[in-house]
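Asks: Please read through the structure below; I'll follow up with questions.
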Protein chains: 2
Amino acid sequence: MSAPIDFYFDFASPYSYIASSLIDEIAEKYGRAVIRHPLVVGTAFRVVGGVSLTGMPMRRDYVLRDIARLARYLKLPYRQPSHQSIPTHHAAQAFLWGQDRDPERAKDFSDRVFSAYFTEDRNISDMEVVLDLAESFGSPRLEAKAAITAPAMKERLKAETEVAISRGVFGVPFSIVGGEPFWGYSRLVLLEKWVGEGAF
Amino acid sequence: MSAPIDFYFDFASPYSYIASSLIDEIAEKYGRAVIRHPLVVGTAFRVVGGVSLTGMPMRRDYVLRDIARLARYLKLPYRQPSHQSIPTHHAAQAFLWGQDRDPERAKDFSDRVFSAYFTEDRNISDMEVVLDLAESFGSPRLEAKAAITAPAMKERLKAETEVAISRGVFGVPFSIVGGEPFWGYSRLVLLEKWVGEGAF
């Protein structure tokens with residue numbers, strides 16, 4: 001089996017939602033695994049030069065328009081969330097907890113979280129919403145809450161973020177295949193050529 | 001004739017170089033005119049939220065790699081310029097001067113400037129280099145220099161920049177067709193669908 005695709009994302013990043021909906025098909029086509037790495041794009045990323053998509057008014061207007069247009073282009077359901085740039089620690093930690101237990105189901109959970117935020121306008125920064133989603137995957141709320149909020153899981157997310165930064169990840173979505181970095185939804189075309197035909 | 005494609009760029013922007021090499025083919029395919037608008041991405045753009053491609057180390061490393069890779073992908077000649085993010089006022093003003101006299105030749109001059117910077121590593125911020133290029137298009141150096149440095153031409157570039165910002169341009173390359181904005185090389189695919197099949 002060739003090198004897997006490491007896929008870095010934030011559950012509140014619209015371009016992550018879009019890329020996440022496309023990455024598995026590319027991976028399957030060429031027999032690659034996808035390893036999902038949730039990040040919380042915030043303080044750590046500002047240090048390395050990340051810029052909030054919606055922090056600057058002109059860019060914000062464009063980006064919101066671009067996302068809705070891209071979703072129509074890709075025929076992907078999309079409804080603009082009421083709350084932008086929300087923190088996604090709970091969702092990321094819930095994902096990591098699930099991933100340790102069952103990577104396949106964690107992928108479905110990831111799709112579910114994105115869908116809740118980008119098509120149902122649910123506030124996924126809210127612990128109760130994350131617990132609703134976890135519950136729909138069969139995890140009792142109390143057990144899920146304890147796991148998600150455990151200090152070890154907070155440390156885990158922090159460490160995962162540090163690993164990502166050390167690998168050159170400065171924004172999301174970001175994919176790395178055999179050391180080759182691909183930033184953004186738009187470079188999935190090049191990633192596909194890279195995994196399909198080899199380095200160019 | 002349908003709405004033209006307004007194409008905003010900076011001569012020192014690598015993604016502008018890439019987009020400029022692709023925009024005419026798209027336009028011709030669908031019978032659209034391309035109107036080129038050189039900008040100097042600097043102070044004015046920082047105000048509206050523009051970010052230098054190469055100002056942040058991690059992002060810089062990635063972007064330089066991405067540009068070289070994109071050039072290989074598109075089979076476009078490319079050699080990394082020794083000097084990044086140079087000011088391009090002289091080249092922009094030379095272009096505007098030429099565009100008033102002959103838009104077709106100004107397009108060729110634009111290609112020549114990009115080529116000098118991105119394939120020959122010539123420092124296009126240098127007036128003498130700009131005059132070399134103008135001379136190769138038949139403009140006597142003294143006449144070209146007088147025209148490029150005329151206060152009216154400086155004001156013209158400033159005004160063009162203000163118009164661009166008022167139209168929502170916050171970075172380059174940026175295309176606008178019938179009011180619809182497309183930022184970056186990567187959205188040319190959507191621009192092509194938009195002009196080819198109509199709004200979606």
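Ordering of the structure tokens sets the chain letters (A, B, ...), residue numbers begin anew at 1 in every chain, and ligands are numbered from 1 in the order given.
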For the interface of chain B with chain A (cut-off 9 Å, counting only C-alpha atoms), please tabulate each contacting residue of chain B alongside its nearest pair of atoms and their separation in Å to one decimal, rows sorted by chain and increasing number, as CSV.
Replies:
residue,atom,partner,partner_atom,distance
B:Val48,CA,A:Met58,CA,6.7
B:Gly49,CA,A:Met56,CA,5.6
B:Gly50,CA,A:Arg59,CA,8.3
B:Val51,CA,A:Val51,CA,8.6
B:Gly55,CA,A:Gly49,CA,8.5
B:Met56,CA,A:Gly49,CA,5.6
B:Pro57,CA,A:Val48,CA,7.6
B:Met58,CA,A:Gly168,CA,6.1
B:Arg59,CA,A:Phe170,CA,6.6
B:Asp61,CA,A:Gly168,CA,8.7
B:Tyr62,CA,A:Pro181,CA,7.5
B:Arg65,CA,A:Pro181,CA,9.0
B:Asp66,CA,A:Phe182,CA,8.0
B:Arg69,CA,A:Phe200,CA,7.4
B:Leu70,CA,A:Leu190,CA,8.1
B:Arg72,CA,A:Phe200,CA,7.0
B:Tyr73,CA,A:Phe200,CA,7.3
B:Ile165,CA,A:Met58,CA,8.9
B:Gly168,CA,A:Met58,CA,6.1
B:Val169,CA,A:Met58,CA,7.8
B:Phe170,CA,A:Arg59,CA,6.6
B:Gly171,CA,A:Arg59,CA,8.7
B:Pro181,CA,A:Tyr62,CA,7.6
B:Phe182,CA,A:Asp66,CA,8.0
B:Trp183,CA,A:Tyr62,CA,8.3
B:Ser186,CA,A:Ser186,CA,6.0
B:Arg187,CA,A:Ser186,CA,8.2
B:Leu190,CA,A:Tyr73,CA,7.7
B:Phe200,CA,A:Arg72,CA,7.0
Asks: Contacts of segment 132-141 of chain B at 8 Å or less, counting only C-alpha atoms, minus same-chain residues fewer than 5 places along, as a list in words?
Replies: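 The contact residues come out as Ala94, Phe109, Arg112 and Val113 of chain B.
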Asks: Those same residues, written as a PDB file, in the first residue's frame with C-alpha atoms?
Replies:
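Contents of part.pdb, as written:
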ATOM      1  CA  ALA B  94       4.514  51.371 -18.878  1.00  0.00           C
ATOM      2  CA  PHE B 109       4.092  43.651 -23.586  1.00  0.00           C
ATOM      3  CA  ARG B 112       6.976  39.993 -22.087  1.00  0.00           C
ATOM      4  CA  VAL B 113       7.189  41.589 -18.617  1.00  0.00           C
TER       5      VAL B 113
END
Asks: Go through segment 6-154 of chain B and collect every residue that DSSP, computed from the backbone, puts in helix (DSSP H, G or I); the answer should be as an MDAnalysis selection string.
Replies: chainID B and resid 14:29 43:48 57:74 89:101 103:118 127:135 141:149 151:154
Asks: Contacts of Thr88 of chain B at 7 Å or less, counting only C-alpha atoms, minus same-chain residues fewer than 6 places along, as a list in words?
Replies: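 Those residues are Phe11, Ala12, Val40, Ile124 and Ser125 of chain B.
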Asks: Write out, as a PDB file, in the first residue's frame, the residues just selected, with N, CA, C and O atoms.
Replies:
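Full text of selection_6.pdb as output:
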ATOM      1  N   PHE B  11       2.433  42.464 -11.780  1.00  0.00           N
ATOM      2  CA  PHE B  11       3.484  41.825 -12.578  1.00  0.00           C
ATOM      3  C   PHE B  11       4.441  40.964 -11.737  1.00  0.00           C
ATOM      4  O   PHE B  11       5.127  40.101 -12.273  1.00  0.00           O
ATOM      5  N   ALA B  12       4.486  41.185 -10.430  1.00  0.00           N
ATOM      6  CA  ALA B  12       5.384  40.383  -9.593  1.00  0.00           C
ATOM      7  C   ALA B  12       4.652  39.240  -8.890  1.00  0.00           C
ATOM      8  O   ALA B  12       5.231  38.548  -8.063  1.00  0.00           O
ATOM      9  N   VAL B  40      -0.461  47.439  -8.217  1.00  0.00           N
ATOM     10  CA  VAL B  40       0.730  47.226  -7.405  1.00  0.00           C
ATOM     11  C   VAL B  40       0.229  46.858  -6.013  1.00  0.00           C
ATOM     12  O   VAL B  40      -0.312  47.683  -5.298  1.00  0.00           O
ATOM     13  N   ILE B 124      12.282  43.393 -12.704  1.00  0.00           N
ATOM     14  CA  ILE B 124      11.359  44.304 -13.389  1.00  0.00           C
ATOM     15  C   ILE B 124      10.953  45.510 -12.542  1.00  0.00           C
ATOM     16  O   ILE B 124      10.192  46.357 -13.003  1.00  0.00           O
ATOM     17  N   SER B 125      11.486  45.601 -11.325  1.00  0.00           N
ATOM     18  CA  SER B 125      11.237  46.836 -10.552  1.00  0.00           C
ATOM     19  C   SER B 125      12.206  47.935 -11.006  1.00  0.00           C
ATOM     20  O   SER B 125      12.015  49.113 -10.723  1.00  0.00           O
TER      21      SER B 125
END
Asks: Figure out the distance between atom CA of Asn123 of chain B and atom CA of Gly42 of chain B, please, to one decimal in Å.
Replies: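 Pair atom CA of Gly42 of chain B / atom CA of Asn123 of chain B returns 17.4 Å.
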